[in-house]
file protein.json (JSON, C-alpha atoms)
[["chain", "number", "residue", "atom", "x", "y", "z"],
["A", 1, "MET", "CA", 12.87, 3.77, -18.42],
["A", 2, "LYS", "CA", 9.41, 5.35, -18.51],
["A", 3, "THR", "CA", 8.36, 3.20, -21.50],
["A", 4, "LYS", "CA", 9.45, 0.06, -19.66],
["A", 5, "GLU", "CA", 7.40, 1.12, -16.63],
["A", 6, "ILE", "CA", 4.31, 1.77, -18.77],
["A", 7, "VAL", "CA", 4.68, -1.65, -20.46],
["A", 8, "ALA", "CA", 5.05, -3.26, -17.01],
["A", 9, "VAL", "CA", 1.90, -1.47, -15.78],
["A", 10, "ILE", "CA", -0.14, -2.66, -18.80],
["A", 11, "VAL", "CA", 1.08, -6.28, -18.48],
["A", 12, "LEU", "CA", 0.51, -6.40, -14.71],
["A", 13, "LEU", "CA", -2.98, -4.91, -14.94],
["A", 14, "ILE", "CA", -4.04, -7.26, -17.78],
["A", 15, "VAL", "CA", -2.65, -10.42, -16.12],
["A", 16, "GLY", "CA", -4.02, -9.34, -12.73],
["A", 17, "SER", "CA", -7.48, -8.62, -14.13],
["A", 18, "ILE", "CA", -7.63, -11.95, -15.96],
["A", 19, "TYR", "CA", -6.75, -14.04, -12.90],
["A", 20, "THR", "CA", -8.89, -11.99, -10.52],
["A", 21, "PHE", "CA", -12.07, -11.20, -12.41],
["A", 22, "VAL", "CA", -12.46, -13.88, -15.12],
["A", 23, "PRO", "CA", -14.60, -16.87, -13.94],
["A", 24, "PRO", "CA", -12.60, -20.09, -13.25],
["A", 25, "GLN", "CA", -14.45, -22.06, -15.98],
["A", 26, "MET", "CA", -13.19, -19.61, -18.61],
["A", 27, "ILE", "CA", -9.63, -19.79, -17.24],
["A", 28, "VAL", "CA", -9.81, -23.61, -17.65],
["A", 29, "ARG", "CA", -11.18, -23.22, -21.20],
["A", 30, "TRP", "CA", -8.32, -20.85, -22.10],
["A", 31, "GLY", "CA", -5.79, -23.38, -20.75],
["A", 32, "ILE", "CA", -4.02, -20.96, -18.41],
["A", 33, "VAL", "CA", -4.70, -22.93, -15.22],
["A", 34, "PHE", "CA", -2.22, -23.28, -12.36],
["A", 35, "LEU", "CA", -2.78, -24.29, -8.72],
["A", 36, "ARG", "CA", -6.28, -23.75, -7.24],
["A", 37, "HIS", "CA", -8.80, -20.98, -7.99],
["A", 38, "ASN", "CA", -8.04, -19.06, -4.76],
["A", 39, "ASP", "CA", -4.28, -19.17, -5.43],
["A", 40, "ARG", "CA", -4.85, -17.74, -8.92],
["A", 41, "VAL", "CA", -7.02, -14.95, -7.47],
["A", 42, "LEU", "CA", -4.23, -14.15, -5.00],
["A", 43, "VAL", "CA", -1.67, -13.99, -7.84],
["A", 44, "GLY", "CA", -4.07, -11.74, -9.77],
["A", 45, "ILE", "CA", -4.52, -9.46, -6.75],
["A", 46, "LEU", "CA", -0.74, -9.20, -6.28],
["A", 47, "CYS", "CA", -0.27, -8.30, -9.99],
["A", 48, "LEU", "CA", -3.03, -5.66, -9.76],
["A", 49, "THR", "CA", -1.46, -4.27, -6.57],
["A", 50, "ALA", "CA", 1.98, -4.02, -8.22],
["A", 51, "GLY", "CA", 0.44, -2.40, -11.33],
["A", 52, "ILE", "CA", -1.43, 0.22, -9.28],
["A", 53, "ILE", "CA", 1.71, 1.01, -7.25],
["A", 54, "LEU", "CA", 3.68, 1.52, -10.48],
["A", 55, "VAL", "CA", 0.97, 3.95, -11.68],
["A", 56, "PHE", "CA", 1.30, 5.78, -8.33],
["A", 57, "ARG", "CA", 5.07, 5.91, -8.80],
["A", 58, "LEU", "CA", 4.70, 7.41, -12.28],
["A", 59, "MET", "CA", 2.24, 10.01, -10.95],
["A", 60, "ARG", "CA", 4.55, 10.93, -8.04],
["A", 61, "LYS", "CA", 7.49, 11.31, -10.42],
["A", 62, "LYS", "CA", 5.41, 13.57, -12.66],
["A", 63, "SER", "CA", 4.26, 15.77, -9.77],
["A", 64, "ARG", "CA", 7.83, 16.34, -8.49],
["B", 65, "MET", "CA", 14.97, 7.47, 3.73],
["B", 66, "GLU", "CA", 17.59, 9.20, 1.63],
["B", 67, "LYS", "CA", 19.25, 6.27, -0.11],
["B", 68, "LYS", "CA", 17.28, 3.12, -0.93],
["B", 69, "ASN", "CA", 18.37, 0.40, 1.46],
["B", 70, "PHE", "CA", 16.76, -2.94, 0.54],
["B", 71, "LEU", "CA", 17.18, -4.57, 3.96],
["B", 72, "ARG", "CA", 15.84, -1.54, 5.83],
["B", 73, "ILE", "CA", 12.79, -1.24, 3.56],
["B", 74, "LEU", "CA", 12.21, -5.00, 3.87],
["B", 75, "ILE", "CA", 12.28, -4.89, 7.70],
["B", 76, "PHE", "CA", 10.13, -1.73, 7.71],
["B", 77, "SER", "CA", 7.51, -3.50, 5.56],
["B", 78, "VAL", "CA", 7.60, -6.68, 7.67],
["B", 79, "LEU", "CA", 7.10, -4.67, 10.88],
["B", 80, "VAL", "CA", 4.19, -2.66, 9.42],
["B", 81, "THR", "CA", 2.56, -5.85, 8.11],
["B", 82, "VAL", "CA", 2.80, -7.86, 11.33],
["B", 83, "ALA", "CA", 1.81, -4.91, 13.55],
["B", 84, "MET", "CA", -1.24, -4.28, 11.35],
["B", 85, "ASN", "CA", -2.24, -7.94, 11.48],
["B", 86, "ALA", "CA", -1.85, -8.03, 15.27],
["B", 87, "ILE", "CA", -4.17, -5.01, 15.71],
["B", 88, "ASP", "CA", -6.60, -6.56, 13.25],
["B", 89, "MET", "CA", -6.58, -9.99, 14.96],
["B", 90, "ILE", "CA", -7.06, -8.47, 18.43],
["B", 91, "PHE", "CA", -9.96, -6.37, 17.09],
["B", 92, "HIS", "CA", -11.61, -9.39, 15.48],
["B", 93, "LEU", "CA", -11.21, -11.49, 18.64],
["B", 94, "PHE", "CA", -12.95, -8.87, 20.77],
["B", 95, "GLU", "CA", -15.56, -8.20, 18.09],
["B", 96, "GLY", "CA", -16.38, -11.90, 17.65],
["B", 97, "THR", "CA", -15.18, -12.33, 14.05],
["B", 98, "ALA", "CA", -13.32, -15.54, 13.20],
["B", 99, "VAL", "CA", -9.51, -15.23, 12.95],
["B", 100, "HIS", "CA", -8.86, -17.75, 10.19],
["B", 101, "LEU", "CA", -5.30, -18.94, 9.45],
["B", 102, "ASN", "CA", -5.81, -19.02, 5.66],
["B", 103, "TYR", "CA", -7.17, -15.48, 5.55],
["B", 104, "VAL", "CA", -4.46, -14.26, 7.94],
["B", 105, "ALA", "CA", -1.87, -15.68, 5.50],
["B", 106, "VAL", "CA", -3.53, -13.94, 2.53],
["B", 107, "LYS", "CA", -3.86, -10.68, 4.49],
["B", 108, "LEU", "CA", -0.17, -10.83, 5.46],
["B", 109, "THR", "CA", 0.83, -11.38, 1.81],
["B", 110, "VAL", "CA", -1.36, -8.64, 0.28],
["B", 111, "ILE", "CA", -0.49, -6.05, 2.95],
["B", 112, "PHE", "CA", 3.22, -6.88, 2.79],
["B", 113, "VAL", "CA", 3.35, -6.54, -1.00],
["B", 114, "SER", "CA", 1.44, -3.21, -0.81],
["B", 115, "VAL", "CA", 3.75, -1.74, 1.85],
["B", 116, "PHE", "CA", 7.01, -3.11, 0.42],
["B", 117, "ALA", "CA", 6.34, -2.28, -3.25],
["B", 118, "THR", "CA", 5.21, 1.26, -2.39],
["B", 119, "ALA", "CA", 8.24, 1.82, -0.16],
["B", 120, "TRP", "CA", 10.65, 0.34, -2.74],
["B", 121, "TRP", "CA", 9.22, 1.83, -5.94],
["B", 122, "ALA", "CA", 8.00, 5.13, -4.50],
["B", 123, "ASP", "CA", 9.15, 6.08, -0.99],
["B", 124, "ILE", "CA", 8.30, 5.99, 2.71],
["B", 125, "GLY", "CA", 6.36, 9.06, 3.79],
["B", 126, "ARG", "CA", 3.00, 10.65, 4.57],
["B", 127, "VAL", "CA", 1.50, 10.49, 1.06],
["B", 128, "GLU", "CA", 2.88, 6.98, 0.47],
["B", 129, "GLY", "CA", 1.50, 5.90, 3.85],
["B", 130, "ILE", "CA", -2.00, 7.16, 3.02],
["B", 131, "PHE", "CA", -1.81, 5.49, -0.42],
["B", 132, "THR", "CA", -0.75, 2.14, 1.13],
["B", 133, "THR", "CA", -3.42, 2.45, 3.83],
["B", 134, "ILE", "CA", -6.13, 2.67, 1.17],
["B", 135, "LEU", "CA", -4.66, 0.24, -1.38],
["B", 136, "GLY", "CA", -3.90, -2.76, 0.92],
["B", 137, "PRO", "CA", -7.38, -3.16, 2.51],
["B", 138, "VAL", "CA", -9.19, -2.47, -0.79],
["B", 139, "MET", "CA", -7.17, -5.19, -2.58],
["B", 140, "PHE", "CA", -7.83, -7.57, 0.29],
["B", 141, "TYR", "CA", -11.57, -6.85, 0.01],
["B", 142, "VAL", "CA", -11.41, -7.56, -3.76],
["B", 143, "TYR", "CA", -9.75, -10.91, -2.92],
["B", 144, "TYR", "CA", -12.66, -11.77, -0.58],
["B", 145, "LYS", "CA", -15.19, -10.97, -3.30],
["B", 146, "PHE", "CA", -13.60, -13.13, -6.00],
["B", 147, "ALA", "CA", -12.07, -16.06, -4.05],
["B", 148, "SER", "CA", -14.12, -19.08, -2.98],
["B", 149, "PRO", "CA", -15.00, -19.26, 0.74],
["B", 150, "THR", "CA", -12.75, -21.63, 2.72],
["B", 151, "LEU", "CA", -14.72, -21.45, 5.96],
["B", 152, "ASN", "CA", -18.37, -22.33, 6.63],
["B", 153, "ARG", "CA", -20.05, -18.88, 6.67],
["B", 154, "ALA", "CA", -23.13, -20.35, 8.35],
["B", 155, "LEU", "CA", -21.06, -21.21, 11.42],
["B", 156, "PHE", "CA", -18.47, -18.41, 11.45],
["B", 157, "LYS", "CA", -18.69, -14.68, 10.90],
["B", 158, "ILE", "CA", -15.68, -13.39, 8.95],
["B", 159, "ASP", "CA", -14.45, -9.93, 8.00],
["B", 160, "ASP", "CA", -15.65, -9.93, 4.39],
["B", 161, "GLN", "CA", -18.21, -7.15, 4.75],
["B", 162, "PHE", "CA", -17.47, -3.77, 3.17],
["B", 163, "TRP", "CA", -17.22, -1.84, 6.46],
["B", 164, "PHE", "CA", -14.22, -3.98, 7.50],
["B", 165, "VAL", "CA", -12.20, -2.16, 4.80],
["B", 166, "PHE", "CA", -12.27, 0.84, 7.16],
["B", 167, "VAL", "CA", -11.20, -1.29, 10.15],
["B", 168, "HIS", "CA", -8.31, -2.74, 8.12],
["B", 169, "ALA", "CA", -7.37, 0.74, 6.85],
["B", 170, "ALA", "CA", -7.37, 2.14, 10.40],
["B", 171, "ALA", "CA", -5.20, -0.76, 11.62],
["B", 172, "LEU", "CA", -2.79, -0.39, 8.70],
["B", 173, "GLY", "CA", -2.67, 3.39, 9.07],
["B", 174, "PHE", "CA", -1.85, 3.12, 12.77],
["B", 175, "ALA", "CA", 0.80, 0.42, 12.18],
["B", 176, "TYR", "CA", 2.45, 2.43, 9.36],
["B", 177, "TRP", "CA", 2.41, 5.57, 11.49],
["B", 178, "ALA", "CA", 3.82, 3.76, 14.55],
["B", 179, "VAL", "CA", 6.70, 2.14, 12.62],
["B", 180, "TRP", "CA", 7.40, 5.38, 10.73],
["B", 181, "LYS", "CA", 7.52, 7.30, 14.04],
["B", 182, "MET", "CA", 9.81, 4.65, 15.50],
["B", 183, "VAL", "CA", 12.24, 4.72, 12.56],
["B", 184, "MET", "CA", 12.18, 8.40, 11.61],
["B", 185, "GLU", "CA", 11.54, 10.33, 14.83],
["B", 186, "LYS", "CA", 13.71, 9.93, 17.85],
["B", 187, "LYS", "CA", 11.49, 11.89, 20.27],
["B", 188, "TYR", "CA", 9.10, 9.15, 21.40],
["B", 189, "ALA", "CA", 11.04, 6.31, 19.78],
["B", 190, "VAL", "CA", 11.09, 4.17, 22.95],
["B", 191, "PHE", "CA", 7.31, 4.27, 23.31],
["B", 192, "TRP", "CA", 6.65, 3.46, 19.64],
["B", 193, "LYS", "CA", 9.32, 0.76, 19.72],
["B", 194, "SER", "CA", 7.56, -0.87, 22.67],
["B", 195, "VAL", "CA", 4.16, -0.75, 20.92],
["B", 196, "VAL", "CA", 5.52, -2.09, 17.62],
["B", 197, "LEU", "CA", 7.50, -4.85, 19.39],
["B", 198, "ALA", "CA", 4.49, -5.93, 21.47],
["B", 199, "LEU", "CA", 2.24, -6.06, 18.38],
["B", 200, "SER", "CA", 4.84, -8.01, 16.36],
["B", 201, "VAL", "CA", 5.33, -10.54, 19.17],
["B", 202, "ILE", "CA", 1.56, -11.04, 19.48],
["B", 203, "ALA", "CA", 1.16, -11.56, 15.72],
["B", 204, "LEU", "CA", 3.86, -14.26, 15.57],
["B", 205, "ASP", "CA", 2.55, -15.84, 18.77],
["B", 206, "PHE", "CA", -0.95, -16.10, 17.25],
["B", 207, "VAL", "CA", 0.42, -17.63, 14.06],
["B", 208, "TYR", "CA", 2.41, -20.13, 16.19],
["B", 209, "LEU", "CA", -0.70, -21.06, 18.24],
["B", 210, "MET", "CA", -2.86, -21.50, 15.14],
["B", 211, "ALA", "CA", -0.15, -23.42, 13.24],
["B", 212, "ARG", "CA", 0.28, -25.78, 16.23],
["B", 213, "VAL", "CA", -3.44, -26.50, 16.43],
["B", 214, "SER", "CA", -3.50, -26.91, 12.65],
["B", 215, "LEU", "CA", -0.81, -29.62, 12.85],
["B", 216, "ALA", "CA", -2.48, -31.34, 15.80],
["B", 217, "SER", "CA", -5.95, -31.33, 14.23],
["B", 218, "GLY", "CA", -4.80, -32.32, 10.73],
["B", 219, "GLY", "CA", -5.72, -28.93, 9.28],
["B", 220, "ASN", "CA", -9.29, -28.82, 10.63],
["B", 221, "GLU", "CA", -10.11, -25.15, 9.95],
["B", 222, "GLU", "CA", -13.14, -25.02, 12.23],
["B", 223, "ILE", "CA", -11.04, -26.11, 15.23],
["B", 224, "ILE", "CA", -8.18, -23.71, 14.37],
["B", 225, "VAL", "CA", -10.59, -20.75, 14.32],
["B", 226, "THR", "CA", -11.51, -21.35, 17.98],
["B", 227, "THR", "CA", -7.85, -21.39, 19.16],
["B", 228, "LEU", "CA", -7.31, -17.76, 20.09],
["B", 229, "ASN", "CA", -8.58, -16.16, 23.26],
["B", 230, "PRO", "CA", -9.38, -12.39, 23.24],
["B", 231, "PHE", "CA", -8.63, -11.98, 26.94],
["B", 232, "TYR", "CA", -5.17, -13.55, 26.48],
["B", 233, "ALA", "CA", -4.49, -11.17, 23.55],
["B", 234, "GLY", "CA", -5.40, -8.06, 25.55],
["B", 235, "VAL", "CA", -3.47, -9.05, 28.67],
["B", 236, "LEU", "CA", -0.41, -10.11, 26.64],
["B", 237, "PHE", "CA", -0.35, -6.76, 24.81],
["B", 238, "VAL", "CA", -0.41, -4.74, 28.06],
["B", 239, "ILE", "CA", 2.23, -6.97, 29.73],
["B", 240, "LEU", "CA", 4.55, -6.76, 26.72],
["B", 241, "VAL", "CA", 4.32, -2.98, 26.37],
["B", 242, "ILE", "CA", 5.11, -2.54, 30.08],
["B", 243, "CYS", "CA", 8.02, -5.05, 29.89],
["B", 244, "PHE", "CA", 9.52, -3.38, 26.81],
["B", 245, "LEU", "CA", 9.17, 0.11, 28.28],
["B", 246, "LEU", "CA", 10.74, -0.91, 31.59],
["B", 247, "SER", "CA", 13.56, -2.80, 29.89],
["B", 248, "SER", "CA", 14.28, 0.13, 27.55],
["B", 249, "PHE", "CA", 14.55, 2.58, 30.44],
["B", 250, "VAL", "CA", 16.31, 0.31, 32.95],
["B", 251, "LEU", "CA", 18.39, -2.22, 31.06],
["B", 252, "LYS", "CA", 19.07, -0.58, 27.64],
["B", 253, "LYS", "CA", 21.32, -3.27, 26.14],
["B", 254, "ARG", "CA", 20.38, -6.98, 26.13],
["B", 255, "SER", "CA", 16.83, -5.97, 27.06],
["B", 256, "TRP", "CA", 15.35, -8.68, 24.86],
["B", 257, "ILE", "CA", 16.84, -11.41, 27.05],
["B", 258, "ALA", "CA", 15.14, -10.02, 30.17],
["B", 259, "VAL", "CA", 11.83, -9.37, 28.40],
["B", 260, "GLY", "CA", 12.00, -12.76, 26.69],
["B", 261, "VAL", "CA", 12.56, -14.66, 29.93],
["B", 262, "VAL", "CA", 9.95, -12.68, 31.92],
["B", 263, "SER", "CA", 7.36, -13.00, 29.13],
["B", 264, "ALA", "CA", 8.08, -16.70, 28.70],
["B", 265, "VAL", "CA", 7.46, -17.30, 32.42],
["B", 266, "LEU", "CA", 4.27, -15.20, 32.31],
["B", 267, "VAL", "CA", 3.07, -16.97, 29.17],
["B", 268, "TYR", "CA", 3.78, -20.34, 30.86],
["B", 269, "TYR", "CA", 1.70, -19.49, 33.93],
["B", 270, "PHE", "CA", -1.00, -17.26, 32.50],
["B", 271, "GLY", "CA", -1.09, -18.30, 28.84],
["B", 272, "VAL", "CA", -3.69, -20.36, 27.08],
["B", 273, "GLU", "CA", -1.99, -23.59, 28.21],
["B", 274, "LYS", "CA", 1.00, -24.55, 30.33],
["B", 275, "SER", "CA", 3.47, -25.38, 27.60],
["B", 276, "LEU", "CA", 7.26, -25.25, 27.62],
["B", 277, "SER", "CA", 7.41, -25.08, 23.81],
["B", 278, "HIS", "CA", 5.15, -22.01, 23.90],
["B", 279, "SER", "CA", 7.48, -20.35, 26.43],
["B", 280, "LEU", "CA", 10.54, -21.14, 24.28],
["B", 281, "GLU", "CA", 8.72, -19.80, 21.21],
["B", 282, "MET", "CA", 8.15, -16.58, 23.17],
["B", 283, "ILE", "CA", 11.89, -16.13, 23.81],
["B", 284, "PHE", "CA", 12.70, -16.76, 20.12],
["B", 285, "ASN", "CA", 9.80, -14.53, 19.06],
["B", 286, "ILE", "CA", 10.92, -11.58, 21.21],
["B", 287, "GLY", "CA", 14.58, -12.05, 20.23],
["B", 288, "LEU", "CA", 13.69, -12.02, 16.53],
["B", 289, "TRP", "CA", 11.62, -8.81, 16.64],
["B", 290, "THR", "CA", 14.05, -7.00, 18.95],
["B", 291, "PHE", "CA", 16.85, -7.80, 16.49],
["B", 292, "LEU", "CA", 14.81, -6.58, 13.51],
["B", 293, "VAL", "CA", 13.80, -3.36, 15.29],
["B", 294, "TRP", "CA", 17.42, -2.73, 16.29],
["B", 295, "LYS", "CA", 18.49, -3.34, 12.67],
["B", 296, "VAL", "CA", 15.92, -0.93, 11.20],
["B", 297, "GLN", "CA", 16.67, 1.80, 13.77],
["B", 298, "LYS", "CA", 20.43, 1.55, 13.26],
["B", 299, "LYS", "CA", 21.70, 4.32, 10.97]]
call {"tool": "encode", "arguments": {"input": "protein.json", "output": "structure tokens"}}
result
Amino acid sequence: MKTKEIVAVIVLLIVGSIYTFVPPQMIVRWGIVFLRHNDRVLVGILCLTAGIILVFRLMRKKSR
Amino acid sequence: MEKKNFLRILIFSVLVTVAMNAIDMIFHLFEGTAVHLNYVAVKLTVIFVSVFATAWWADIGRVEGIFTTILGPVMFYVYYKFASPTLNRALFKIDDQFWFVFVHAAALGFAYWAVWKMVMEKKYAVFWKSVVLALSVIALDFVYLMARVSLASGGNEEIIVTTLNPFYAGVLFVILVICFLLSSFVLKKRSWIAVGVVSAVLVYYFGVEKSLSHSLEMIFNIGLWTFLVWKVQKK
């Protein structure tokens, strides 16, 4: 269960960082385009948010 | 919350999100910052995901509330920094400056606290219920007003931004809190019908325009939130 959560955190943070912080020209060059730039940033932000919350969950579990 | 109840957590998150957005929109109206439909939609999404995912994956509580209060506004600020502007910044001032993170955090913290008090504590539940209901009604009413102008103007964002009136927002909030408090103490059951009808009449006469559809929206709006609050309070 914990391994699955760690894998999910890594995937969410990587995908979120790519769609949030990488410039749109590079996203086009890599061929991972969908919808408009602002929609991709929103998806990235949601992935980052979910990833950070999973990290918080792991930390809360550890502290209990 | 002892056992994870999906519906209850969902309604809790929706209430926190809309109450936060109502406080935020009222603040921006009085402060002179543009309330922009696109950014309101993004703010609703980011804040909802923060509140819901924390409540579902972790819990609802003091530490989780503080965590959500910091995370939501910070992620929204990051969105502002990396997304392309959709509104002419030369004409309109928007809440993309760093200090607005604190305003958003204060609004979210208050909304989380108010809904938490309403659901968990029974002592002042009627007062918090009235505040949360009034804020939720205002948020949906604002979205309705902006969506209506958006349809009428063919999506002209600069016209939509000028739709909301700060004085209307302030007066509506006070009227709704008084109506909900009175109805809770006097009528108890079926209070939403009385509040809905009274508010619809008041909105018709003192609202931004004399519109029957706006009055009907008010009855639906109040009915919806009263039902959701009743559902989340029910044990």
call {"tool": "atom_distance", "arguments": {"input": "protein.json", "atom1": "atom CA of Tyr232 of chain B", "atom2": "atom CA of Pro149 of chain B"}}
result
28.1 Å
call {"tool": "interface_residues", "arguments": {"input": "protein.json", "of": "chain B", "to": "chain A", "cutoff": "9 Å", "atoms": "all atoms listed in the file", "output": "MDAnalysis selection string"}}
result
chainID B and resid 106 109:110 113:114 117:118 121:123 131:132 135:136 139:140 142:143 146:149
call {"tool": "residues_around", "arguments": {"input": "protein.json", "residues": "segment 201-210 of chain B", "least_positions_apart": "2", "cutoff": "8 Å", "atoms": "all atoms listed in the file", "output": "ChimeraX atom specification"}}
result
/B:82-83,85-86,89,101,197-199,212-214,224-225,227-228,233,236-237,281-282,285-286,289
call {"tool": "residues_around", "arguments": {"input": "protein.json", "residues": "Phe174 of chain B", "least_positions_apart": "3", "cutoff": "10 Å", "atoms": "only C-alpha atoms", "output": "PyMOL selection string"}}
result
chain B and resi 80+83-84+87+129+133+168-171+177-180
call {"tool": "atom_distance", "arguments": {"input": "protein.json", "atom1": "atom CA of Phe94 of chain B", "atom2": "atom CA of Pro230 of chain B"}}
result
5.6 Å
call {"tool": "atom_distance", "arguments": {"input": "protein.json", "atom1": "atom CA of Ser248 of chain B", "atom2": "atom CA of Ser194 of chain B"}}
result
8.4 Å
call {"tool": "closest_residue", "arguments": {"input": "protein.json", "among": "B:Val250, B:Leu172, B:Val165, B:Cys243", "to": "Ser263 of chain B", "atoms": "all atoms listed in the file"}}
result
B:Cys243
call {"tool": "build_atoms", "arguments": {"input": "protein.json", "residues": "segment 27-51 of chain A", "atoms": "N, CA and C atoms", "output": "PDB file, in the frame of the given file"}}
result
ATOM      1  N   ILE A  27     -11.087 -19.635 -17.385  1.00  0.00           N
ATOM      2  CA  ILE A  27      -9.630 -19.790 -17.240  1.00  0.00           C
ATOM      3  C   ILE A  27      -9.240 -21.215 -17.666  1.00  0.00           C
ATOM      4  N   VAL A  28     -10.062 -22.205 -17.272  1.00  0.00           N
ATOM      5  CA  VAL A  28      -9.810 -23.610 -17.650  1.00  0.00           C
ATOM      6  C   VAL A  28      -9.929 -23.748 -19.168  1.00  0.00           C
ATOM      7  N   ARG A  29     -10.963 -23.137 -19.745  1.00  0.00           N
ATOM      8  CA  ARG A  29     -11.180 -23.220 -21.200  1.00  0.00           C
ATOM      9  C   ARG A  29     -10.000 -22.584 -21.963  1.00  0.00           C
ATOM     10  N   TRP A  30      -9.460 -21.526 -21.444  1.00  0.00           N
ATOM     11  CA  TRP A  30      -8.320 -20.850 -22.100  1.00  0.00           C
ATOM     12  C   TRP A  30      -7.003 -21.587 -21.891  1.00  0.00           C
ATOM     13  N   GLY A  31      -6.999 -22.573 -20.998  1.00  0.00           N
ATOM     14  CA  GLY A  31      -5.790 -23.380 -20.750  1.00  0.00           C
ATOM     15  C   GLY A  31      -4.678 -22.644 -20.017  1.00  0.00           C
ATOM     16  N   ILE A  32      -5.057 -21.704 -19.156  1.00  0.00           N
ATOM     17  CA  ILE A  32      -4.020 -20.960 -18.410  1.00  0.00           C
ATOM     18  C   ILE A  32      -4.144 -21.262 -16.898  1.00  0.00           C
ATOM     19  N   VAL A  33      -4.460 -22.520 -16.613  1.00  0.00           N
ATOM     20  CA  VAL A  33      -4.700 -22.930 -15.220  1.00  0.00           C
ATOM     21  C   VAL A  33      -3.387 -23.214 -14.501  1.00  0.00           C
ATOM     22  N   PHE A  34      -3.280 -22.812 -13.256  1.00  0.00           N
ATOM     23  CA  PHE A  34      -2.220 -23.280 -12.360  1.00  0.00           C
ATOM     24  C   PHE A  34      -2.779 -23.263 -10.938  1.00  0.00           C
ATOM     25  N   LEU A  35      -2.335 -24.142 -10.124  1.00  0.00           N
ATOM     26  CA  LEU A  35      -2.780 -24.290  -8.720  1.00  0.00           C
ATOM     27  C   LEU A  35      -4.325 -24.263  -8.615  1.00  0.00           C
ATOM     28  N   ARG A  36      -4.837 -23.780  -7.442  1.00  0.00           N
ATOM     29  CA  ARG A  36      -6.280 -23.750  -7.240  1.00  0.00           C
ATOM     30  C   ARG A  36      -6.833 -22.353  -7.575  1.00  0.00           C
ATOM     31  N   HIS A  37      -8.161 -22.257  -7.648  1.00  0.00           N
ATOM     32  CA  HIS A  37      -8.800 -20.980  -7.990  1.00  0.00           C
ATOM     33  C   HIS A  37      -8.359 -19.849  -7.054  1.00  0.00           C
ATOM     34  N   ASN A  38      -8.388 -20.116  -5.720  1.00  0.00           N
ATOM     35  CA  ASN A  38      -8.040 -19.060  -4.760  1.00  0.00           C
ATOM     36  C   ASN A  38      -6.586 -18.604  -4.888  1.00  0.00           C
ATOM     37  N   ASP A  39      -5.692 -19.542  -5.238  1.00  0.00           N
ATOM     38  CA  ASP A  39      -4.280 -19.170  -5.430  1.00  0.00           C
ATOM     39  C   ASP A  39      -4.142 -18.256  -6.655  1.00  0.00           C
ATOM     40  N   ARG A  40      -4.904 -18.564  -7.699  1.00  0.00           N
ATOM     41  CA  ARG A  40      -4.850 -17.740  -8.920  1.00  0.00           C
ATOM     42  C   ARG A  40      -5.401 -16.339  -8.641  1.00  0.00           C
ATOM     43  N   VAL A  41      -6.467 -16.269  -7.830  1.00  0.00           N
ATOM     44  CA  VAL A  41      -7.020 -14.950  -7.470  1.00  0.00           C
ATOM     45  C   VAL A  41      -5.978 -14.158  -6.685  1.00  0.00           C
ATOM     46  N   LEU A  42      -5.261 -14.850  -5.784  1.00  0.00           N
ATOM     47  CA  LEU A  42      -4.230 -14.150  -5.000  1.00  0.00           C
ATOM     48  C   LEU A  42      -3.118 -13.619  -5.916  1.00  0.00           C
ATOM     49  N   VAL A  43      -2.693 -14.447  -6.884  1.00  0.00           N
ATOM     50  CA  VAL A  43      -1.670 -13.990  -7.840  1.00  0.00           C
ATOM     51  C   VAL A  43      -2.185 -12.780  -8.621  1.00  0.00           C
ATOM     52  N   GLY A  44      -3.451 -12.858  -9.040  1.00  0.00           N
ATOM     53  CA  GLY A  44      -4.070 -11.740  -9.770  1.00  0.00           C
ATOM     54  C   GLY A  44      -4.089 -10.471  -8.927  1.00  0.00           C
ATOM     55  N   ILE A  45      -4.460 -10.622  -7.660  1.00  0.00           N
ATOM     56  CA  ILE A  45      -4.520  -9.460  -6.750  1.00  0.00           C
ATOM     57  C   ILE A  45      -3.124  -8.852  -6.582  1.00  0.00           C
ATOM     58  N   LEU A  46      -2.109  -9.713  -6.461  1.00  0.00           N
ATOM     59  CA  LEU A  46      -0.740  -9.200  -6.280  1.00  0.00           C
ATOM     60  C   LEU A  46      -0.269  -8.453  -7.537  1.00  0.00           C
ATOM     61  N   CYS A  47      -0.629  -8.989  -8.729  1.00  0.00           N
ATOM     62  CA  CYS A  47      -0.270  -8.300  -9.990  1.00  0.00           C
ATOM     63  C   CYS A  47      -0.973  -6.952 -10.069  1.00  0.00           C
ATOM     64  N   LEU A  48      -2.273  -6.931  -9.731  1.00  0.00           N
ATOM     65  CA  LEU A  48      -3.030  -5.660  -9.760  1.00  0.00           C
ATOM     66  C   LEU A  48      -2.411  -4.660  -8.785  1.00  0.00           C
ATOM     67  N   THR A  49      -2.061  -5.141  -7.585  1.00  0.00           N
ATOM     68  CA  THR A  49      -1.460  -4.270  -6.570  1.00  0.00           C
ATOM     69  C   THR A  49      -0.159  -3.654  -7.108  1.00  0.00           C
ATOM     70  N   ALA A  50       0.701  -4.508  -7.679  1.00  0.00           N
ATOM     71  CA  ALA A  50       1.980  -4.020  -8.220  1.00  0.00           C
ATOM     72  C   ALA A  50       1.744  -3.013  -9.338  1.00  0.00           C
ATOM     73  N   GLY A  51       0.758  -3.300 -10.211  1.00  0.00           N
ATOM     74  CA  GLY A  51       0.440  -2.400 -11.330  1.00  0.00           C
ATOM     75  C   GLY A  51      -0.012  -1.034 -10.829  1.00  0.00           C
TER      76      GLY A  51
END
